[in-house]
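Q: As input, take start.cif (mmCIF, C-alpha atoms (C1' of nucleotides)):
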data_protein
loop_
_atom_site.group_PDB
_atom_site.id
_atom_site.type_symbol
_atom_site.label_atom_id
_atom_site.label_comp_id
_atom_site.auth_asym_id
_atom_site.auth_seq_id
_atom_site.Cartn_x
_atom_site.Cartn_y
_atom_site.Cartn_z
ATOM 1 C CA MET A 678 84.694 50.882 13.879
ATOM 2 C CA THR A 679 80.959 51.221 13.670
ATOM 3 C CA THR A 680 78.889 49.492 16.293
ATOM 4 C CA ARG A 681 76.298 48.368 13.766
ATOM 5 C CA THR A 682 76.566 46.571 10.486
ATOM 6 C CA ALA A 683 75.093 47.993 7.314
ATOM 7 C CA ALA A 684 72.362 45.392 7.474
ATOM 8 C CA GLN A 685 71.432 46.489 10.943
ATOM 9 C CA ARG A 686 71.255 50.114 9.925
ATOM 10 C CA ARG A 687 69.058 49.230 6.955
ATOM 11 C CA GLU A 688 66.868 47.174 9.198
ATOM 12 C CA GLN A 689 66.483 50.060 11.590
ATOM 13 C CA ALA A 690 65.676 52.542 8.859
ATOM 14 C CA ARG A 691 63.056 50.130 7.640
ATOM 15 C CA ALA A 692 61.446 49.723 11.052
ATOM 16 C CA GLU A 693 61.429 53.466 11.535
ATOM 17 C CA HIS A 694 59.861 53.944 8.159
ATOM 18 C CA LEU A 695 57.116 51.467 8.842
ATOM 19 C CA ARG A 696 56.305 53.070 12.149
ATOM 20 C CA ARG A 697 55.976 56.453 10.463
ATOM 21 C CA MET A 698 53.792 55.011 7.779
ATOM 22 C CA ALA A 699 51.303 53.538 10.181
ATOM 23 C CA LEU A 700 50.829 57.013 11.638
ATOM 24 C CA CYS A 701 50.533 58.956 8.396
ATOM 25 C CA PRO A 702 46.924 60.147 8.148
ATOM 26 C CA THR A 703 46.930 60.083 4.373
ATOM 27 C CA LEU A 704 48.142 56.524 4.126
ATOM 28 C CA ARG A 705 45.699 55.461 6.769
ATOM 29 C CA MET A 706 42.839 56.899 4.766
ATOM 30 C CA LEU A 707 44.042 55.516 1.449
ATOM 31 C CA ASP A 708 44.233 52.167 3.127
ATOM 32 C CA ARG A 709 40.715 52.441 4.516
ATOM 33 C CA MET A 710 39.234 53.685 1.287
ATOM 34 C CA GLY A 711 40.973 50.869 -0.532
ATOM 35 C CA ASP A 712 39.064 48.284 1.489
ATOM 36 C CA LYS A 713 36.974 46.336 -0.922
ATOM 37 C CA TRP A 714 33.540 47.494 0.223
ATOM 38 C CA VAL A 715 34.146 50.879 1.788
ATOM 39 C CA GLY A 716 33.660 52.850 -1.389
ATOM 40 C CA LEU A 717 30.356 51.194 -2.136
ATOM 41 C CA VAL A 718 29.027 51.518 1.392
ATOM 42 C CA LEU A 719 29.803 55.209 1.466
ATOM 43 C CA ARG A 720 28.227 55.643 -1.932
ATOM 44 C CA GLU A 721 25.035 53.939 -0.791
ATOM 45 C CA LEU A 722 24.784 55.893 2.421
ATOM 46 C CA ALA A 723 25.470 59.172 0.670
ATOM 47 C CA SER A 724 21.840 59.449 -0.351
ATOM 48 C CA GLY A 725 20.500 58.792 3.120
ATOM 49 C CA PRO A 726 20.309 56.339 6.022
ATOM 50 C CA LEU A 727 19.709 52.708 5.253
ATOM 51 C CA ARG A 728 18.738 49.641 7.190
ATOM 52 C CA SER A 729 21.002 46.650 7.389
ATOM 53 C CA GLY A 730 18.920 44.620 5.001
ATOM 54 C CA GLU A 731 18.677 47.427 2.494
ATOM 55 C CA LEU A 732 22.423 47.743 2.491
ATOM 56 C CA SER A 733 23.016 44.074 1.923
ATOM 57 C CA ARG A 734 20.549 44.069 -0.934
ATOM 58 C CA ALA A 735 22.220 47.094 -2.466
ATOM 59 C CA LEU A 736 25.615 45.458 -2.104
ATOM 60 C CA ALA A 737 24.530 42.088 -3.378
ATOM 61 C CA GLY A 738 28.143 41.153 -4.027
ATOM 62 C CA ALA A 739 29.290 41.391 -0.436
ATOM 63 C CA SER A 740 29.087 38.519 1.992
ATOM 64 C CA GLN A 741 27.255 39.239 5.194
ATOM 65 C CA LYS A 742 30.491 38.997 7.115
ATOM 66 C CA MET A 743 32.297 41.551 4.986
ATOM 67 C CA LEU A 744 29.395 43.945 5.162
ATOM 68 C CA THR A 745 29.376 43.874 8.956
ATOM 69 C CA GLN A 746 33.138 44.134 9.109
ATOM 70 C CA THR A 747 33.125 47.136 6.815
ATOM 71 C CA LEU A 748 30.357 48.858 8.731
ATOM 72 C CA ARG A 749 32.090 48.280 12.058
ATOM 73 C CA GLY A 750 35.313 49.707 10.693
ATOM 74 C CA LEU A 751 33.609 52.832 9.442
ATOM 75 C CA GLU A 752 31.709 53.201 12.676
ATOM 76 C CA ARG A 753 34.917 52.870 14.641
ATOM 77 C CA ASP A 754 36.426 55.700 12.626
ATOM 78 C CA GLY A 755 33.372 57.802 13.356
ATOM 79 C CA LEU A 756 32.347 57.978 9.697
ATOM 80 C CA LEU A 757 28.963 56.428 10.223
ATOM 81 C CA SER A 758 26.645 55.753 13.126
ATOM 82 C CA ARG A 759 24.603 52.693 13.902
ATOM 83 C CA SER A 760 21.290 52.994 15.709
ATOM 84 C CA VAL A 761 19.107 50.200 16.944
ATOM 85 C CA THR A 762 15.381 50.688 17.430
ATOM 86 C CA GLY A 763 12.743 48.220 18.538
ATOM 87 C CA SER A 764 13.287 44.566 19.182
ATOM 88 C CA VAL A 765 11.721 41.486 17.679
ATOM 89 C CA PRO A 766 12.334 42.262 15.039
ATOM 90 C CA VAL A 767 15.359 44.464 15.599
ATOM 91 C CA ARG A 768 15.713 47.420 13.325
ATOM 92 C CA VAL A 769 19.224 48.712 12.706
ATOM 93 C CA GLU A 770 19.914 51.816 10.744
ATOM 94 C CA TYR A 771 23.201 53.139 9.429
ATOM 95 C CA ARG A 772 23.771 56.733 8.534
ATOM 96 C CA LEU A 773 26.773 58.877 7.739
ATOM 97 C CA THR A 774 27.975 61.161 10.494
ATOM 98 C CA PRO A 775 28.938 64.739 9.648
ATOM 99 C CA LEU A 776 32.522 63.497 9.557
ATOM 100 C CA GLY A 777 31.519 60.804 7.115
ATOM 101 C CA ARG A 778 29.657 63.267 4.956
ATOM 102 C CA SER A 779 32.693 65.517 4.899
ATOM 103 C CA LEU A 780 34.532 62.696 3.202
ATOM 104 C CA LEU A 781 32.091 62.504 0.304
ATOM 105 C CA PRO A 782 33.676 65.317 -1.710
ATOM 106 C CA VAL A 783 36.972 63.476 -1.501
ATOM 107 C CA ILE A 784 35.419 60.303 -2.841
ATOM 108 C CA GLU A 785 33.819 62.409 -5.502
ATOM 109 C CA ALA A 786 37.199 63.787 -6.478
ATOM 110 C CA VAL A 787 38.352 60.234 -7.045
ATOM 111 C CA THR A 788 35.207 59.401 -8.977
ATOM 112 C CA ASP A 789 35.540 62.457 -11.192
ATOM 113 C CA TRP A 790 39.145 61.728 -11.971
ATOM 114 C CA ALA A 791 38.478 58.060 -12.577
ATOM 115 C CA GLU A 792 35.583 58.636 -14.929
ATOM 116 C CA ARG A 793 37.428 61.290 -16.853
ATOM 117 C CA HIS A 794 40.501 59.124 -17.289
ATOM 118 C CA VAL A 795 39.280 55.565 -17.426
ATOM 119 C CA VAL A 796 39.699 55.472 -21.200
ATOM 120 C CA GLU A 797 43.314 56.578 -20.935
ATOM 121 C CA LEU A 798 43.931 54.023 -18.250
ATOM 122 C CA ASP A 799 42.578 51.212 -20.370
ATOM 123 C CA ARG A 800 44.521 52.382 -23.388
ATOM 124 C CA ALA A 801 47.741 52.546 -21.373
ATOM 125 C CA ARG A 802 47.120 49.120 -19.982
ATOM 126 C CA LYS A 803 46.565 47.550 -23.374
ATOM 127 C CA ARG A 804 49.602 49.263 -24.787
ATOM 128 C CA TYR A 805 51.737 48.071 -21.894
ATOM 129 C CA ASP A 806 50.517 44.501 -22.161
ATOM 130 C CA ARG A 807 51.149 44.449 -25.900
ATOM 131 C CA THR A 808 54.655 45.755 -25.382
ATOM 132 C CA ILE A 809 55.436 43.116 -22.790
ATOM 133 C CA GLU A 810 54.029 40.372 -24.947
ATOM 134 C CA ALA A 811 55.994 41.525 -27.966
ATOM 135 C CA ARG A 812 59.189 41.676 -25.934
ATOM 136 C CA ASP A 813 58.692 38.213 -24.496
ATOM 137 C CA ALA A 814 57.948 36.779 -27.934
ATOM 138 C CA GLY A 815 61.048 38.489 -29.314
ATOM 139 C CA ASP A 816 63.179 37.059 -26.538
ATOM 140 C CA ARG A 817 62.308 33.599 -27.665
ATOM 141 C CA GLY A 818 62.538 34.415 -31.356
ATOM 142 C CA VAL A 819 58.877 33.659 -31.752
ATOM 143 C CA VAL A 820 56.728 35.221 -34.455
ATOM 144 C CA GLN A 821 53.361 34.081 -33.160
ATOM 145 C CA MET B 1466 6.834 27.378 -10.965
ATOM 146 C CA THR B 1467 10.078 29.307 -11.172
ATOM 147 C CA THR B 1468 12.956 27.801 -13.045
ATOM 148 C CA ARG B 1469 15.527 28.970 -10.509
ATOM 149 C CA THR B 1470 15.729 28.689 -6.763
ATOM 150 C CA ALA B 1471 16.137 31.717 -4.548
ATOM 151 C CA ALA B 1472 19.715 30.667 -3.880
ATOM 152 C CA GLN B 1473 20.440 30.643 -7.576
ATOM 153 C CA ARG B 1474 18.959 34.058 -8.071
ATOM 154 C CA ARG B 1475 21.020 35.438 -5.195
ATOM 155 C CA GLU B 1476 24.094 33.797 -6.626
ATOM 156 C CA GLN B 1477 23.449 35.395 -9.970
ATOM 157 C CA ALA B 1478 22.851 38.828 -8.521
ATOM 158 C CA ARG B 1479 26.116 38.436 -6.692
ATOM 159 C CA ALA B 1480 28.077 37.466 -9.791
ATOM 160 C CA GLU B 1481 26.562 40.333 -11.725
ATOM 161 C CA HIS B 1482 27.461 42.713 -8.963
ATOM 162 C CA LEU B 1483 31.046 41.575 -8.825
ATOM 163 C CA ARG B 1484 31.420 41.907 -12.562
ATOM 164 C CA ARG B 1485 30.111 45.458 -12.392
ATOM 165 C CA MET B 1486 32.449 46.279 -9.561
ATOM 166 C CA ALA B 1487 35.533 45.174 -11.405
ATOM 167 C CA LEU B 1488 34.628 47.622 -14.149
ATOM 168 C CA CYS B 1489 33.764 50.611 -11.993
ATOM 169 C CA PRO B 1490 36.495 53.209 -12.563
ATOM 170 C CA THR B 1491 36.150 54.642 -9.078
ATOM 171 C CA LEU B 1492 36.518 51.324 -7.338
ATOM 172 C CA ARG B 1493 39.443 50.446 -9.536
ATOM 173 C CA MET B 1494 41.221 53.629 -8.535
ATOM 174 C CA LEU B 1495 40.388 53.304 -4.859
ATOM 175 C CA ASP B 1496 41.804 49.832 -5.023
ATOM 176 C CA ARG B 1497 44.969 50.968 -6.738
ATOM 177 C CA MET B 1498 45.508 53.893 -4.416
ATOM 178 C CA GLY B 1499 44.965 51.606 -1.482
ATOM 179 C CA ASP B 1500 47.939 49.492 -2.484
ATOM 180 C CA LYS B 1501 50.413 49.743 0.305
ATOM 181 C CA TRP B 1502 53.137 51.673 -1.521
ATOM 182 C CA VAL B 1503 51.320 53.540 -4.251
ATOM 183 C CA GLY B 1504 50.659 56.644 -2.183
ATOM 184 C CA LEU B 1505 54.257 56.953 -1.144
ATOM 185 C CA VAL B 1506 55.665 56.359 -4.606
ATOM 186 C CA LEU B 1507 53.419 59.030 -6.085
ATOM 187 C CA ARG B 1508 54.338 61.388 -3.297
ATOM 188 C CA GLU B 1509 58.043 60.868 -3.947
ATOM 189 C CA LEU B 1510 57.757 61.296 -7.681
ATOM 190 C CA ALA B 1511 55.599 64.383 -7.341
ATOM 191 C CA SER B 1512 58.682 66.526 -6.835
ATOM 192 C CA GLY B 1513 60.478 65.170 -9.867
ATOM 193 C CA PRO B 1514 61.944 62.077 -11.550
ATOM 194 C CA LEU B 1515 63.932 59.654 -9.451
ATOM 195 C CA ARG B 1516 66.273 56.776 -10.095
ATOM 196 C CA SER B 1517 65.480 53.323 -8.872
ATOM 197 C CA GLY B 1518 68.019 53.488 -6.089
ATOM 198 C CA GLU B 1519 66.830 56.873 -4.949
ATOM 199 C CA LEU B 1520 63.303 55.581 -4.708
ATOM 200 C CA SER B 1521 64.257 52.559 -2.679
ATOM 201 C CA ARG B 1522 66.232 54.744 -0.308
ATOM 202 C CA ALA B 1523 63.308 57.130 0.024
ATOM 203 C CA LEU B 1524 60.948 54.229 0.673
ATOM 204 C CA ALA B 1525 63.222 52.412 3.067
ATOM 205 C CA GLY B 1526 60.287 50.424 4.376
ATOM 206 C CA ALA B 1527 59.478 48.709 1.104
ATOM 207 C CA SER B 1528 61.052 45.479 -0.007
ATOM 208 C CA GLN B 1529 62.710 45.492 -3.393
ATOM 209 C CA LYS B 1530 60.019 43.209 -4.723
ATOM 210 C CA MET B 1531 57.161 45.433 -3.618
ATOM 211 C CA LEU B 1532 58.834 48.518 -5.004
ATOM 212 C CA THR B 1533 59.208 46.941 -8.433
ATOM 213 C CA GLN B 1534 55.713 45.547 -8.328
ATOM 214 C CA THR B 1535 54.265 48.920 -7.436
ATOM 215 C CA LEU B 1536 56.228 50.697 -10.128
ATOM 216 C CA ARG B 1537 55.200 48.175 -12.780
ATOM 217 C CA GLY B 1538 51.581 48.550 -11.803
ATOM 218 C CA LEU B 1539 51.687 52.300 -12.062
ATOM 219 C CA GLU B 1540 53.559 52.097 -15.339
ATOM 220 C CA ARG B 1541 50.959 49.703 -16.689
ATOM 221 C CA ASP B 1542 48.233 52.196 -15.862
ATOM 222 C CA GLY B 1543 50.205 54.896 -17.628
ATOM 223 C CA LEU B 1544 50.705 56.923 -14.464
ATOM 224 C CA LEU B 1545 54.468 56.866 -14.627
ATOM 225 C CA SER B 1546 57.112 56.130 -17.218
ATOM 226 C CA ARG B 1547 60.309 54.174 -16.898
ATOM 227 C CA SER B 1548 63.324 55.081 -18.965
ATOM 228 C CA VAL B 1549 66.587 53.199 -19.183
ATOM 229 C CA THR B 1550 69.803 54.971 -20.155
ATOM 230 C CA GLY B 1551 73.340 53.617 -20.444
ATOM 231 C CA SER B 1552 74.408 50.129 -19.532
ATOM 232 C CA VAL B 1553 76.972 48.821 -17.092
ATOM 233 C CA PRO B 1554 75.833 50.246 -14.902
ATOM 234 C CA VAL B 1555 72.252 50.584 -16.028
ATOM 235 C CA ARG B 1556 70.483 53.785 -15.085
ATOM 236 C CA VAL B 1557 66.720 53.615 -14.712
ATOM 237 C CA GLU B 1558 64.619 56.650 -14.110
ATOM 238 C CA TYR B 1559 60.984 56.897 -13.125
ATOM 239 C CA ARG B 1560 58.864 59.958 -13.687
ATOM 240 C CA LEU B 1561 55.191 60.788 -13.545
ATOM 241 C CA THR B 1562 53.414 61.053 -16.860
ATOM 242 C CA PRO B 1563 50.954 63.901 -17.418
ATOM 243 C CA LEU B 1564 48.222 61.436 -16.510
ATOM 244 C CA GLY B 1565 50.042 60.609 -13.308
ATOM 245 C CA ARG B 1566 50.488 64.261 -12.484
ATOM 246 C CA SER B 1567 46.793 64.846 -13.039
ATOM 247 C CA LEU B 1568 46.168 62.447 -10.200
ATOM 248 C CA LEU B 1569 48.187 64.470 -7.699
ATOM 249 C CA PRO B 1570 45.375 66.893 -6.836
ATOM 250 C CA VAL B 1571 43.194 63.933 -5.993
ATOM 251 C CA ILE B 1572 45.816 62.537 -3.657
ATOM 252 C CA GLU B 1573 46.131 65.978 -2.188
ATOM 253 C CA ALA B 1574 42.399 66.069 -1.536
ATOM 254 C CA VAL B 1575 42.803 62.913 0.481
ATOM 255 C CA THR B 1576 45.807 64.323 2.298
ATOM 256 C CA ASP B 1577 44.028 67.552 3.148
ATOM 257 C CA TRP B 1578 41.012 65.767 4.475
ATOM 258 C CA ALA B 1579 43.094 63.283 6.417
ATOM 259 C CA GLU B 1580 45.246 65.910 8.071
ATOM 260 C CA ARG B 1581 42.287 68.056 8.958
ATOM 261 C CA HIS B 1582 40.389 65.179 10.503
ATOM 262 C CA VAL B 1583 42.973 62.828 11.921
ATOM 263 C CA VAL B 1584 42.286 64.072 15.436
ATOM 264 C CA GLU B 1585 38.576 63.375 15.103
ATOM 265 C CA LEU B 1586 39.334 59.943 13.695
ATOM 266 C CA ASP B 1587 41.536 59.062 16.637
ATOM 267 C CA ARG B 1588 39.015 60.378 19.086
ATOM 268 C CA ALA B 1589 36.199 58.389 17.488
ATOM 269 C CA ARG B 1590 38.327 55.290 17.531
ATOM 270 C CA LYS B 1591 39.188 55.591 21.193
ATOM 271 C CA ARG B 1592 35.592 56.273 22.088
ATOM 272 C CA TYR B 1593 34.417 53.275 20.116
ATOM 273 C CA ASP B 1594 36.993 50.971 21.658
ATOM 274 C CA ARG B 1595 36.103 52.133 25.135
ATOM 275 C CA THR B 1596 32.432 51.526 24.468
ATOM 276 C CA ILE B 1597 33.061 48.013 23.218
ATOM 277 C CA GLU B 1598 35.277 47.221 26.157
ATOM 278 C CA ALA B 1599 32.709 48.515 28.610
ATOM 279 C CA ARG B 1600 29.949 46.504 26.961
ATOM 280 C CA ASP B 1601 32.010 43.308 26.962
ATOM 281 C CA ALA B 1602 32.930 43.796 30.595
ATOM 282 C CA GLY B 1603 29.278 44.408 31.430
ATOM 283 C CA ASP B 1604 28.247 41.249 29.620
ATOM 284 C CA ARG B 1605 30.382 39.258 31.954
ATOM 285 C CA GLY B 1606 29.433 41.277 35.034
ATOM 286 C CA VAL B 1607 33.024 42.384 35.415
ATOM 287 C CA VAL B 1608 33.998 45.663 37.030
ATOM 288 C CA GLN B 1609 37.636 45.704 35.999
ATOM 289 C "C1'" DC C 1430 72.691 48.994 -10.515
ATOM 290 C "C1'" DA C 1431 68.362 47.269 -11.297
ATOM 291 C "C1'" DG C 1432 65.506 43.447 -11.310
ATOM 292 C "C1'" DC C 1433 63.647 38.613 -11.473
ATOM 293 C "C1'" DA C 1434 62.388 34.031 -9.258
ATOM 294 C "C1'" DT C 1435 61.219 31.357 -5.428
ATOM 295 C "C1'" DC C 1436 59.522 30.288 -1.218
ATOM 296 C "C1'" DC C 1437 56.752 31.244 2.748
ATOM 297 C "C1'" DA C 1438 53.956 33.718 6.587
ATOM 298 C "C1'" DG C 1439 50.282 36.601 7.446
ATOM 299 C "C1'" DT C 1440 46.208 38.692 6.081
ATOM 300 C "C1'" DT C 1441 41.925 39.157 3.582
ATOM 301 C "C1'" DG C 1442 37.767 37.757 2.254
ATOM 302 C "C1'" DG C 1443 34.092 34.186 1.479
ATOM 303 C "C1'" DA C 1444 30.969 29.904 2.744
ATOM 304 C "C1'" DT C 1445 28.455 27.901 6.161
ATOM 305 C "C1'" DA C 1446 26.038 27.301 10.263
ATOM 306 C "C1'" DC C 1447 24.168 29.101 14.344
ATOM 307 C "C1'" DT C 1448 22.054 32.849 18.051
ATOM 308 C "C1'" DG C 1449 18.974 36.573 20.355
ATOM 309 C "C1'" DC D 1490 16.076 40.780 11.146
ATOM 310 C "C1'" DA D 1491 20.680 41.489 12.309
ATOM 311 C "C1'" DG D 1492 24.724 39.586 13.679
ATOM 312 C "C1'" DT D 1493 28.415 36.243 15.512
ATOM 313 C "C1'" DA D 1494 31.530 32.190 15.015
ATOM 314 C "C1'" DT D 1495 34.269 29.034 12.435
ATOM 315 C "C1'" DC D 1496 36.647 27.186 8.929
ATOM 316 C "C1'" DC D 1497 39.220 27.612 4.794
ATOM 317 C "C1'" DA D 1498 40.965 29.291 0.053
ATOM 318 C "C1'" DA D 1499 43.231 32.906 -2.222
ATOM 319 C "C1'" DC D 1500 45.942 36.720 -2.263
ATOM 320 C "C1'" DT D 1501 49.416 40.067 -0.464
ATOM 321 C "C1'" DG D 1502 53.605 41.159 0.811
ATOM 322 C "C1'" DG D 1503 58.338 40.029 2.638
ATOM 323 C "C1'" DA D 1504 63.083 37.325 2.816
ATOM 324 C "C1'" DT D 1505 66.507 35.398 0.185
ATOM 325 C "C1'" DG D 1506 69.317 34.221 -3.559
ATOM 326 C "C1'" DC D 1507 70.550 34.856 -8.397
ATOM 327 C "C1'" DT D 1508 71.224 37.396 -13.248
ATOM 328 C "C1'" DG D 1509 72.712 40.770 -17.069
#
Reformat the file's structure so that it appears as structure tokens.
A:
Amino acid sequence: MTTRTAAQRREQARAEHLRRMALCPTLRMLDRMGDKWVGLVLRELASGPLRSGELSRALAGASQKMLTQTLRGLERDGLLSRSVTGSVPVRVEYRLTPLGRSLLPVIEAVTDWAERHVVELDRARKRYDRTIEARDAGDRGVVQ
Amino acid sequence: MTTRTAAQRREQARAEHLRRMALCPTLRMLDRMGDKWVGLVLRELASGPLRSGELSRALAGASQKMLTQTLRGLERDGLLSRSVTGSVPVRVEYRLTPLGRSLLPVIEAVTDWAERHVVELDRARKRYDRTIEARDAGDRGVVQ
DNA sequence: CAGCATCCAGTTGGATACTG
DNA sequence: CAGTATCCAACTGGATGCTG
């Protein structure tokens, strides 16, 4: 007689798996880079340091809160540095650290792939959606 | 006299920006790859086709719903294909398409970077957290 | 075996208002 | 100018139960 039910074993495997995942460097980075504004912030800072205001103008779509949150996250990971100079008015500048700059080629790899294949992606998507639609219509005996 | 207020102009810039973003191939891909299970699914399928059950055992941490959702998303983008053979019991197999395989080097670029720099990331994070803690303690005149 | 539907908690992200 | 605090809507992801 086993001391644990199948459900318990599954549960444990699941917990274990999740713990592993949280530690996996690759998944951590994919997660970070998937954050809505990270890609854009890195792209902006790639060409040089920027002040807070310049960033928020460049990323007109981001709310002030999200911008700060994103910047803090990247700073925490050591990808960019934040330096304050003067006071009244305060002047804050963000710049990529060497670590942050070392990430740029990776982003570029994504960009290259994406731009080369965006047409295929769109085509696949349309094809898939048409197929689904057709199937659903067929299910109901509809001709449309 | 302008016909729009500053708020309206900001609002418009924001809308424009968001529309652009949704179309940017790079951001689309970063978003996709940031999906919780996409990285793992691609990693599993990199070494060859797998059946549904095999995948869910390999990704013990994922709920059945998320697994399906992830697979459908990737299929929609044309990154993997789903083939059904037999019936009672049904046998479903997932495999990367050529397009999907072409993405592997990109994932690998992320993996390489992440594994090379994970130590630095952790160090930066600890340093940052310590700094914040110290500052907060100082603010309250606490010695801890 | 593979997958869909439903319901629900937790998280993410945005609007607004305020501070040094 | 730069940033914090709060409140809230929308989305993400998970648990459960059911179908061909």
Q: Using all atoms listed in the file, find each residue of chain A with at least one atom at most 10 Å away from an atom of chain C; report its shortest atom-to-atom pair and that distance in Å (one decimal), sort the rows by chain and rising residue number, and return the result as a tab-separated table.
A:
residue	atom	partner	partner_atom	distance
A:Asp712	CA	C:DT1441	C1'	9.8
A:Lys713	CA	C:DG1442	C1'	9.2
A:Ala739	CA	C:DG1443	C1'	8.9
A:Ser740	CA	C:DG1443	C1'	6.6
A:Gln741	CA	C:DG1443	C1'	9.3
A:Lys742	CA	C:DG1443	C1'	8.2
A:Met743	CA	C:DG1442	C1'	7.2
A:Ser764	CA	C:DG1449	C1'	9.9
A:Val765	CA	C:DG1449	C1'	9.2
A:Val767	CA	C:DG1449	C1'	9.9
Q: Only residues of chain D matter here; which ones have an atom within 9 Å of chain B, counting only C-alpha atoms (C1' of nucleotides)? Give them as a list in words.
A: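 Putting it all together, I get DG1502, DG1503 and DA1504 of chain D.
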Q: Kindly give the distance, in Å, that separates CA of Asp754 (chain A) and CA of Leu1483 (chain B), rounded to a single decimal.
A: 26.2 Å
Q: Report as JSON, numbers by chain the residues that result from applying the PyMOL selection byres ((chain B) within 7 of (chain A)) to the structure here.
A: {"B": [1478, 1479, 1480, 1482, 1483, 1490, 1491, 1492, 1494, 1495, 1496, 1498, 1499, 1504, 1525, 1526, 1541, 1542, 1543, 1571, 1574, 1575, 1576, 1579, 1580, 1583, 1586, 1589, 1590, 1593]}
Q: So the first atom is CA of Gly1565 (chain B) and the second is CA of Leu1545 (chain B); what is the distance between them in Å, to one decimal place?
A: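 Atom-to-atom, CA of Gly1565 (chain B) to CA of Leu1545 (chain B), that is 5.9 Å.
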Q: Hey, what comes out of the PyMOL selection byres ((chain A and resi 768-773) around 12) on this file? Could you write it as a ChimeraX atom specification?
A: /A:718-733,744-745,747-749,751-752,754-767,774-781 /D:1490-1492
Q: Those same residues - C-alpha atoms (C1' of nucleotides) - I'd like them written as a tab-separated table (two decimals), keeping the file's coordinate frame.
A:
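Dumped everything to selection-v3.tsv:
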chain	number	residue	atom	x	y	z
A	718	VAL	CA	29.03	51.52	1.39
A	719	LEU	CA	29.80	55.21	1.47
A	720	ARG	CA	28.23	55.64	-1.93
A	721	GLU	CA	25.04	53.94	-0.79
A	722	LEU	CA	24.78	55.89	2.42
A	723	ALA	CA	25.47	59.17	0.67
A	724	SER	CA	21.84	59.45	-0.35
A	725	GLY	CA	20.50	58.79	3.12
A	726	PRO	CA	20.31	56.34	6.02
A	727	LEU	CA	19.71	52.71	5.25
A	728	ARG	CA	18.74	49.64	7.19
A	729	SER	CA	21.00	46.65	7.39
A	730	GLY	CA	18.92	44.62	5.00
A	731	GLU	CA	18.68	47.43	2.49
A	732	LEU	CA	22.42	47.74	2.49
A	733	SER	CA	23.02	44.07	1.92
A	744	LEU	CA	29.40	43.94	5.16
A	745	THR	CA	29.38	43.87	8.96
A	747	THR	CA	33.12	47.14	6.82
A	748	LEU	CA	30.36	48.86	8.73
A	749	ARG	CA	32.09	48.28	12.06
A	751	LEU	CA	33.61	52.83	9.44
A	752	GLU	CA	31.71	53.20	12.68
A	754	ASP	CA	36.43	55.70	12.63
A	755	GLY	CA	33.37	57.80	13.36
A	756	LEU	CA	32.35	57.98	9.70
A	757	LEU	CA	28.96	56.43	10.22
A	758	SER	CA	26.64	55.75	13.13
A	759	ARG	CA	24.60	52.69	13.90
A	760	SER	CA	21.29	52.99	15.71
A	761	VAL	CA	19.11	50.20	16.94
A	762	THR	CA	15.38	50.69	17.43
A	763	GLY	CA	12.74	48.22	18.54
A	764	SER	CA	13.29	44.57	19.18
A	765	VAL	CA	11.72	41.49	17.68
A	766	PRO	CA	12.33	42.26	15.04
A	767	VAL	CA	15.36	44.46	15.60
A	774	THR	CA	27.98	61.16	10.49
A	775	PRO	CA	28.94	64.74	9.65
A	776	LEU	CA	32.52	63.50	9.56
A	777	GLY	CA	31.52	60.80	7.12
A	778	ARG	CA	29.66	63.27	4.96
A	779	SER	CA	32.69	65.52	4.90
A	780	LEU	CA	34.53	62.70	3.20
A	781	LEU	CA	32.09	62.50	0.30
D	1490	DC	C1'	16.08	40.78	11.15
D	1491	DA	C1'	20.68	41.49	12.31
D	1492	DG	C1'	24.72	39.59	13.68
Q: Quick one: pull the distance between CA of Asp1601 (chain B) and C1' of DT1493 (chain D), Å, one decimal.
A: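 The value is 13.9 Å.
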Q: Enclose region 1515-1534 of chain B, meaning all of its atoms listed in the file, in a box aligned along x, y and z, pad it by 5 Å on each side, and list the centre and edge lengths in Å to one decimal, as JSON.
A:
{"center_x": 61.9, "center_y": 51.4, "center_z": -2.9, "size_x": 22.3, "size_y": 26.4, "size_z": 24.5}
